[in-house]
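K.L.:
Structure in structure tokens, see below.
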Amino acid sequence: MPVWLREYSWRQTGSAVYLSLPLRGVRVTPANIFCTDQYLKVSIPPFLFEAILYAPIDDTNSTAKIGNGIIFFTLYKKEMAMWDSLTLANANKEKLQHLRENAVLKAHEKAKEETEAKKVTKQEHKKYALEATMKLEEAERKRIEDLKEKERQKVTKELELWKKEQKDAEKQKRIQKEGELYQQLEQLKEKKKEEINKTRIPNEGTSKTRLKPTKGHGSCSMFSENLKEEQLPAPRSAATIKINFTSRVFPTALRESRIAEEEEWLRKQAEARRTVSADLSELEDLKEEEKNPEWLKDKGKHRCKMFATGNYLAAVNAYNLAVRLNSKLPLLYLNRAACHLKLRNLHKAIEDSSKALELLTPPVPDNENARVKAYVRRGTAFCQLELYTEGLQDYEAALKIDPKNKTIEKDAEKIRHLIQGTMQDY
Amino acid sequence: MSSGGPERPQLVAHVQQALSYTLFDCKWVPRSARLLCLGSAARGTGLLQLYELQGGRLALLREIEKAKPIKCGTFGATSLQQRYLATGDFGGNLNIWNLEAPEIPVYSVKGHKEIINSIDGVGGLGIGEGAPEIVTGSRDGTVKVWDPRQKDTPVANMEPVQGESKRDCWTVAFGNAYNQEERVVCAGYDNGDIKLFDLKTMSLRWETNIKNGVCSVEFDRKDVNMNKLVATSLEGKFHVFDMRTQHPTKGFASVSEKAQKSTIWQVRHLPQNRDIFMTSGGAGSLHLWKYEYPAQRSKKDSEGAEMGVAGSVSLLQNVTLSTQPISSLDWSPDKKGLCVCGAFDQTVRVLIVTKLNKV
């Protein structure tokens with residue numbers, strides 16, 4: 001429950017009302033005073049003073065002076081009239097409430113307007129500041145440009161001067177030389193007969209139309225120039241120096257190499273050599289050395305012999321064992337595919353070539369040959385199964401890797417004709 | 001574009017000329033304010049244009065058309081009176097032209113089976129001593145040295161061993177020509193090999209590999225005891241080798257710098273100051289560098305053999321002129337700081353580098 005302040009005193013003139021409100025023992029700040037055009041409130045908890053004014057006042061110009069324990073209000077009336085009393089007499093609770101709310105609303109609006117006005121002025125200030133900085137920067141830039149321009153002109157002048165000097169020096173020398181030439185032409189005719197016939201750039205007979213000053217020498221006649229030529233050493237005796245270029249594991253320059261892919265391929269190879277599938281009981285029978293895939297490669301040569309002699313089944317068996325030991329060597333699958341082709345196990349051949357191709361990624365120049373072989377074998381298998389389109393696809397892939405191979409080209413052509421032939425039947 | 005305080009050299013673009021053909025090389029004509037542009041016209045013929053710097057522009061003096069596109073040229077092997085231009089073209093032909101009478105070459109040889117990528121000359125222009133010689137490096141993997149007085153056969157031929165797969169030679173440079181007999185040729189290849197051939201002993205003196213293809217090599221001066229060699233490569237790296245001390249196994253000491261993300265197409269040393277060089281890049285930028293020597297240029301290693309010590313390189317200035325690579329660069333031997341560069345956007349630009357005296 002607030003403590004209502006009722007002790008106040010007031011007096012008025014035609015245009016203003018002077019109200020003094022004593023407040024003992026409390027500190028007053030401007031925030032405690034709330035005033036609109038017909039409502040005045042001072043609220044310092046727990047004290048409260050409220051007045052619904054008799055007539056509207058000009059609240060923007062009215063002032064409140066906070067003194068020592070007293071507030072002194074100077075309220076300017078909107079209309080020049082004498083008030084009967086400070087506050088409205090018959091004010092019931094509802095009216096009071098209404099008025100209060102109005103007052104608050106009005107105050108809010110006022111506050112809003114003020115902020116708006118502030119914003120606008122702020123914008124204007126900013127704009128002004130921006131323009132000012134731009135002007136400054138512009139001036140700076142111009143200054144630098146002018147400096148550069150001055151430098152340029154200075155240098156141009158120097159250049160022109162230098163050129164002029166050159167031309168003058170030339171003219172002088174030319175006049176001088178022509179005089180000397182005249183005299184020495186006689187001498188030269190005699191000397192010419194004595195000179196050795198050199199296969200040099202023929203210059204001696206022609207008169208010099210553009211004699212340029214030589215470096216450091218004074219007069220330079222044709223005569224002395226001939227002497228100078230004789231002092232030059234003879235051409236070197238021809239020789240050849242043979243050179244080698246820096247080699248690389250992959251013979252491409254840094255800018256051409258696809259290092260990432262090449263490393264991957266190397267890694268896979270290394271891995272392949274190391275894997276040994278260990279869960280085969282038959283392995284126990286085999287000797288230790290037989291497990292080594294390197295040894296298997298040697299065996300491969302034996303298999304080639306088996307292949308060559310036509311013993312394809314044996315070759316296939318050998319490869320099967322090898323694959324069980326080491327499922328990652330693409331070479332094994334490749335060769336087994338060839339065996340299957342010969343045995344006309346076409347589906348197996350396709351399987352094996354596909355497996356080989358899988359293992360031969362990433363595609364690098366190193367495994368080009370292997371890839372070509374794989375494509376060709378798979379293509380052949382497809383063709384023998386009469387799946388010509390797939391076969392053609394593989395042949396074209398092979399051709400892409402190795403475009404110079406004539407046999408592949410011929411075979412691809414044949415297949416194309418076959419396909420066209422079958423299509424025409426429809 | 002150019003940055004830095006008032007004391008740093010500035011790269012000022014002086015003149016710019018748009019051309020109607022692809023420019024491969026541009027060279028100053030010695031002792032003049034004239035420059036030469038070499039390239040390939042749209043119809044597949046070679047083009048030689050002679051310009052003169054007049055006021056603030058380039059005036060075309062002469063235009064010469066040849067059968068094959070021209071890749072590179074040099075004045076290095078002619079005398080100052082004659083000023084003949086030696087060019088290498090797309091067909092592997094080496095020709096020497098008298099610009100006064102360019103219809104017939106003064107010397108011509110089909111030196112290589114494929115395009116001549118790079119050419120250099122030594123012994124002319126009053127620089128250095130010894131016979132005038134021209135070296136050409138070609139895509140067929142060989143490097144050949146020619147003497148204009150000897151027709152048809154090169155005086156030295158650096159070719160791969162029989163059966164070796166060839167690598168393109170991208171750049172060649174002469175060096176160490178400080179007396180009549182001594183001379184070396186340095187060649188850079190597309191697989192990163194750099195080889196140094198000694199012409200006096202006709203042997204391979206040193207080789208190394210910098211992993212990325214070598215776009216350009218140059219000695220800081222051709223006519224002194226070899227001092228420094230700069231080799232630039234793909235992927236924005238360049239190496240500066242100190243050539244004064246050769247270790248028996250480690251070769252020459254070097255310092256390397258990664259300047260830009262793109263290829264560094266050319267390196268050229270300032271003729272008037274051999275410690276300043278400019279590199280041109282694939283992003284159309286030019287960088288000006290200065291090399292600082294270390295306190296001691298050589299030291300002894302654990303076995304007592306002499307080993308070189310590389311110094312350090314600092315960037316003086318850089319500027320971006322174009323969006324296309326700047327493929328050729330040449331300093332004027334007569335005016336300090338004047339240089340011309342040609343880019344693949346078919347523009348030739350003349351630049352002036354200021355404040356080089358204060359560096």
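Here's how to read the names in the structure tokens: chain A, B, ... by the order shown, residue numbers from 1 in each chain, ligand numbers from 1 in the order shown.
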Please identify every residue of chain B that has at least one atom no more than 6 Å from any atom of chain A, counting only C-alpha atoms, and report them as a ChimeraX atom specification.
P.N.:
/B:81,131,149,155-161,191
K.L.:
Go ahead and dump the residues you just picked, all heavy atoms, as an mmCIF file, in the first residue's frame.
P.N.:
```cif
data_model
loop_
_atom_site.group_PDB
_atom_site.id
_atom_site.type_symbol
_atom_site.label_atom_id
_atom_site.label_comp_id
_atom_site.auth_asym_id
_atom_site.auth_seq_id
_atom_site.Cartn_x
_atom_site.Cartn_y
_atom_site.Cartn_z
ATOM 1 N N GLN B 81 78.580 -3.606 -85.009
ATOM 2 C CA GLN B 81 78.357 -2.959 -86.291
ATOM 3 C C GLN B 81 77.254 -3.669 -87.061
ATOM 4 O O GLN B 81 76.427 -3.042 -87.695
ATOM 5 C CB GLN B 81 79.626 -2.976 -87.156
ATOM 6 C CG GLN B 81 80.694 -2.071 -86.658
ATOM 7 C CD GLN B 81 81.618 -2.829 -85.713
ATOM 8 O OE1 GLN B 81 81.173 -3.679 -84.958
ATOM 9 N NE2 GLN B 81 82.884 -2.526 -85.786
ATOM 10 N N ALA B 131 85.095 -16.898 -79.624
ATOM 11 C CA ALA B 131 84.346 -16.967 -80.870
ATOM 12 C C ALA B 131 82.868 -16.683 -80.607
ATOM 13 O O ALA B 131 82.344 -17.049 -79.565
ATOM 14 C CB ALA B 131 84.514 -18.348 -81.484
ATOM 15 N N ARG B 149 80.319 -19.156 -88.488
ATOM 16 C CA ARG B 149 81.278 -19.306 -89.569
ATOM 17 C C ARG B 149 81.296 -20.723 -90.112
ATOM 18 O O ARG B 149 81.918 -20.988 -91.120
ATOM 19 C CB ARG B 149 82.684 -18.956 -89.064
ATOM 20 C CG ARG B 149 82.771 -17.549 -88.531
ATOM 21 C CD ARG B 149 84.054 -17.301 -87.819
ATOM 22 N NE ARG B 149 84.104 -18.055 -86.576
ATOM 23 C CZ ARG B 149 85.111 -17.994 -85.717
ATOM 24 N NH1 ARG B 149 86.154 -17.241 -85.991
ATOM 25 N NH2 ARG B 149 85.102 -18.697 -84.614
ATOM 26 N N VAL B 155 78.866 -27.052 -83.621
ATOM 27 C CA VAL B 155 80.179 -27.304 -83.047
ATOM 28 C C VAL B 155 80.074 -28.108 -81.761
ATOM 29 O O VAL B 155 81.051 -28.618 -81.254
ATOM 30 C CB VAL B 155 80.950 -25.997 -82.769
ATOM 31 C CG1 VAL B 155 81.254 -25.295 -84.055
ATOM 32 C CG2 VAL B 155 80.169 -25.096 -81.865
ATOM 33 N N ALA B 156 78.891 -28.219 -81.236
ATOM 34 C CA ALA B 156 78.722 -29.078 -80.065
ATOM 35 C C ALA B 156 77.270 -29.518 -80.045
ATOM 36 O O ALA B 156 76.385 -28.773 -80.423
ATOM 37 C CB ALA B 156 79.049 -28.318 -78.784
ATOM 38 N N ASN B 157 77.069 -30.745 -79.616
ATOM 39 C CA ASN B 157 75.731 -31.309 -79.668
ATOM 40 C C ASN B 157 75.505 -32.091 -78.383
ATOM 41 O O ASN B 157 76.241 -33.021 -78.091
ATOM 42 C CB ASN B 157 75.661 -32.232 -80.892
ATOM 43 C CG ASN B 157 74.278 -32.822 -81.055
ATOM 44 O OD1 ASN B 157 73.374 -32.561 -80.277
ATOM 45 N ND2 ASN B 157 74.122 -33.639 -82.075
ATOM 46 N N MET B 158 74.532 -31.681 -77.612
ATOM 47 C CA MET B 158 74.239 -32.393 -76.365
ATOM 48 C C MET B 158 72.942 -33.146 -76.557
ATOM 49 O O MET B 158 71.869 -32.548 -76.570
ATOM 50 C CB MET B 158 74.070 -31.384 -75.220
ATOM 51 C CG MET B 158 75.374 -30.899 -74.686
ATOM 52 S SD MET B 158 76.294 -29.883 -75.851
ATOM 53 C CE MET B 158 75.980 -28.269 -75.254
ATOM 54 N N GLU B 159 73.030 -34.447 -76.756
ATOM 55 C CA GLU B 159 71.813 -35.185 -77.084
ATOM 56 C C GLU B 159 71.669 -36.382 -76.157
ATOM 57 O O GLU B 159 72.633 -36.840 -75.568
ATOM 58 C CB GLU B 159 71.865 -35.654 -78.525
ATOM 59 C CG GLU B 159 73.035 -36.565 -78.795
ATOM 60 C CD GLU B 159 73.114 -36.956 -80.247
ATOM 61 O OE1 GLU B 159 72.380 -36.359 -81.042
ATOM 62 O OE2 GLU B 159 73.901 -37.843 -80.550
ATOM 63 N N PRO B 160 70.465 -36.877 -76.039
ATOM 64 C CA PRO B 160 70.271 -38.010 -75.144
ATOM 65 C C PRO B 160 70.940 -39.263 -75.702
ATOM 66 O O PRO B 160 71.080 -39.450 -76.895
ATOM 67 C CB PRO B 160 68.751 -38.201 -75.085
ATOM 68 C CG PRO B 160 68.172 -37.253 -76.024
ATOM 69 C CD PRO B 160 69.210 -36.384 -76.593
ATOM 70 N N VAL B 161 71.303 -40.111 -74.760
ATOM 71 C CA VAL B 161 71.910 -41.400 -75.114
ATOM 72 C C VAL B 161 70.906 -42.197 -75.945
ATOM 73 O O VAL B 161 69.699 -42.048 -75.790
ATOM 74 C CB VAL B 161 72.245 -42.150 -73.805
ATOM 75 C CG1 VAL B 161 72.573 -43.575 -74.055
ATOM 76 C CG2 VAL B 161 73.374 -41.455 -73.097
ATOM 77 N N ASN B 191 61.456 -31.885 -67.386
ATOM 78 C CA ASN B 191 61.245 -32.767 -66.229
ATOM 79 C C ASN B 191 61.987 -32.240 -65.012
ATOM 80 O O ASN B 191 62.097 -32.918 -64.009
ATOM 81 C CB ASN B 191 61.707 -34.190 -66.545
ATOM 82 C CG ASN B 191 63.191 -34.252 -66.787
ATOM 83 O OD1 ASN B 191 63.834 -33.223 -67.020
ATOM 84 N ND2 ASN B 191 63.770 -35.426 -66.724
#
```
K.L.:
Fewer than 4 positions away in the same chain doesn't count, so skip those; otherwise give me all residues within 12 Å of B:Ile104, counting only C-alpha atoms, as a ChimeraX atom specification.
P.N.:
/B:64-67,95-100,108
K.L.:
Since we have the selection now, will you write its residues out, keeping C-alpha atoms, as an mmCIF file, in the first residue's frame?
P.N.:
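Full text of again.cif as output:
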```
data_model
loop_
_atom_site.group_PDB
_atom_site.id
_atom_site.type_symbol
_atom_site.label_atom_id
_atom_site.label_comp_id
_atom_site.auth_asym_id
_atom_site.auth_seq_id
_atom_site.Cartn_x
_atom_site.Cartn_y
_atom_site.Cartn_z
ATOM 1 C CA ILE B 64 58.958 -8.715 -92.001
ATOM 2 C CA GLU B 65 57.052 -11.901 -92.599
ATOM 3 C CA LYS B 66 58.634 -15.326 -92.725
ATOM 4 C CA ALA B 67 57.452 -18.798 -93.526
ATOM 5 C CA ASN B 95 68.478 -18.324 -89.090
ATOM 6 C CA ILE B 96 70.616 -15.256 -88.794
ATOM 7 C CA TRP B 97 69.134 -12.162 -90.388
ATOM 8 C CA ASN B 98 70.546 -8.855 -91.461
ATOM 9 C CA LEU B 99 67.674 -6.549 -90.641
ATOM 10 C CA GLU B 100 68.642 -4.200 -93.434
ATOM 11 C CA SER B 108 70.520 -20.755 -92.105
#
```
K.L.:
What lies within 9 Å of A:Pro330 using only C-alpha atoms, ignoring chain neighbours under 4 positions off, as a list in words?
P.N.:
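That gives Ala272, Leu334, Asn335, Ser353, Lys355, Ala356, Leu357, Glu358, Leu359, Leu360 and Ala370 of chain A.
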K.L.:
Hey, what's within 9 Å of B:Glu292 if we count only C-alpha atoms and toss same-chain stuff fewer than 6 positions away? As a list in words, please?
P.N.:
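My reading of the contact set: Asp275, Gly311, Ser312, Val313 and Ser314 of chain B.
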K.L.:
Output all heavy atoms for every residue in the selection just made, as a tab-separated table (two decimals), in the first residue's frame.
P.N.:
```tsv
chain	number	residue	atom	x	y	z
B	275	ASP	N	73.17	-8.16	-59.53
B	275	ASP	CA	72.47	-8.73	-58.37
B	275	ASP	C	70.99	-8.44	-58.39
B	275	ASP	O	70.26	-8.82	-57.48
B	275	ASP	CB	73.08	-8.22	-57.07
B	275	ASP	CG	74.52	-8.67	-56.96
B	275	ASP	OD1	74.81	-9.80	-57.38
B	275	ASP	OD2	75.34	-7.87	-56.46
B	311	GLY	N	73.19	-17.16	-50.67
B	311	GLY	CA	72.78	-15.96	-49.94
B	311	GLY	C	71.28	-15.91	-49.78
B	311	GLY	O	70.63	-16.92	-49.59
B	312	SER	N	70.73	-14.71	-49.91
B	312	SER	CA	69.29	-14.58	-49.74
B	312	SER	C	68.74	-13.65	-50.81
B	312	SER	O	69.47	-12.85	-51.39
B	312	SER	CB	68.97	-14.02	-48.37
B	312	SER	OG	69.51	-12.73	-48.27
B	313	VAL	N	67.46	-13.80	-51.04
B	313	VAL	CA	66.82	-13.02	-52.09
B	313	VAL	C	65.71	-12.20	-51.45
B	313	VAL	O	64.97	-12.70	-50.61
B	313	VAL	CB	66.20	-13.98	-53.13
B	313	VAL	CG1	65.39	-13.22	-54.12
B	313	VAL	CG2	67.29	-14.73	-53.84
B	314	SER	N	65.61	-10.94	-51.82
B	314	SER	CA	64.52	-10.13	-51.27
B	314	SER	C	63.76	-9.47	-52.40
B	314	SER	O	64.33	-9.09	-53.43
B	314	SER	CB	65.08	-9.08	-50.31
B	314	SER	OG	65.94	-8.22	-51.00
```
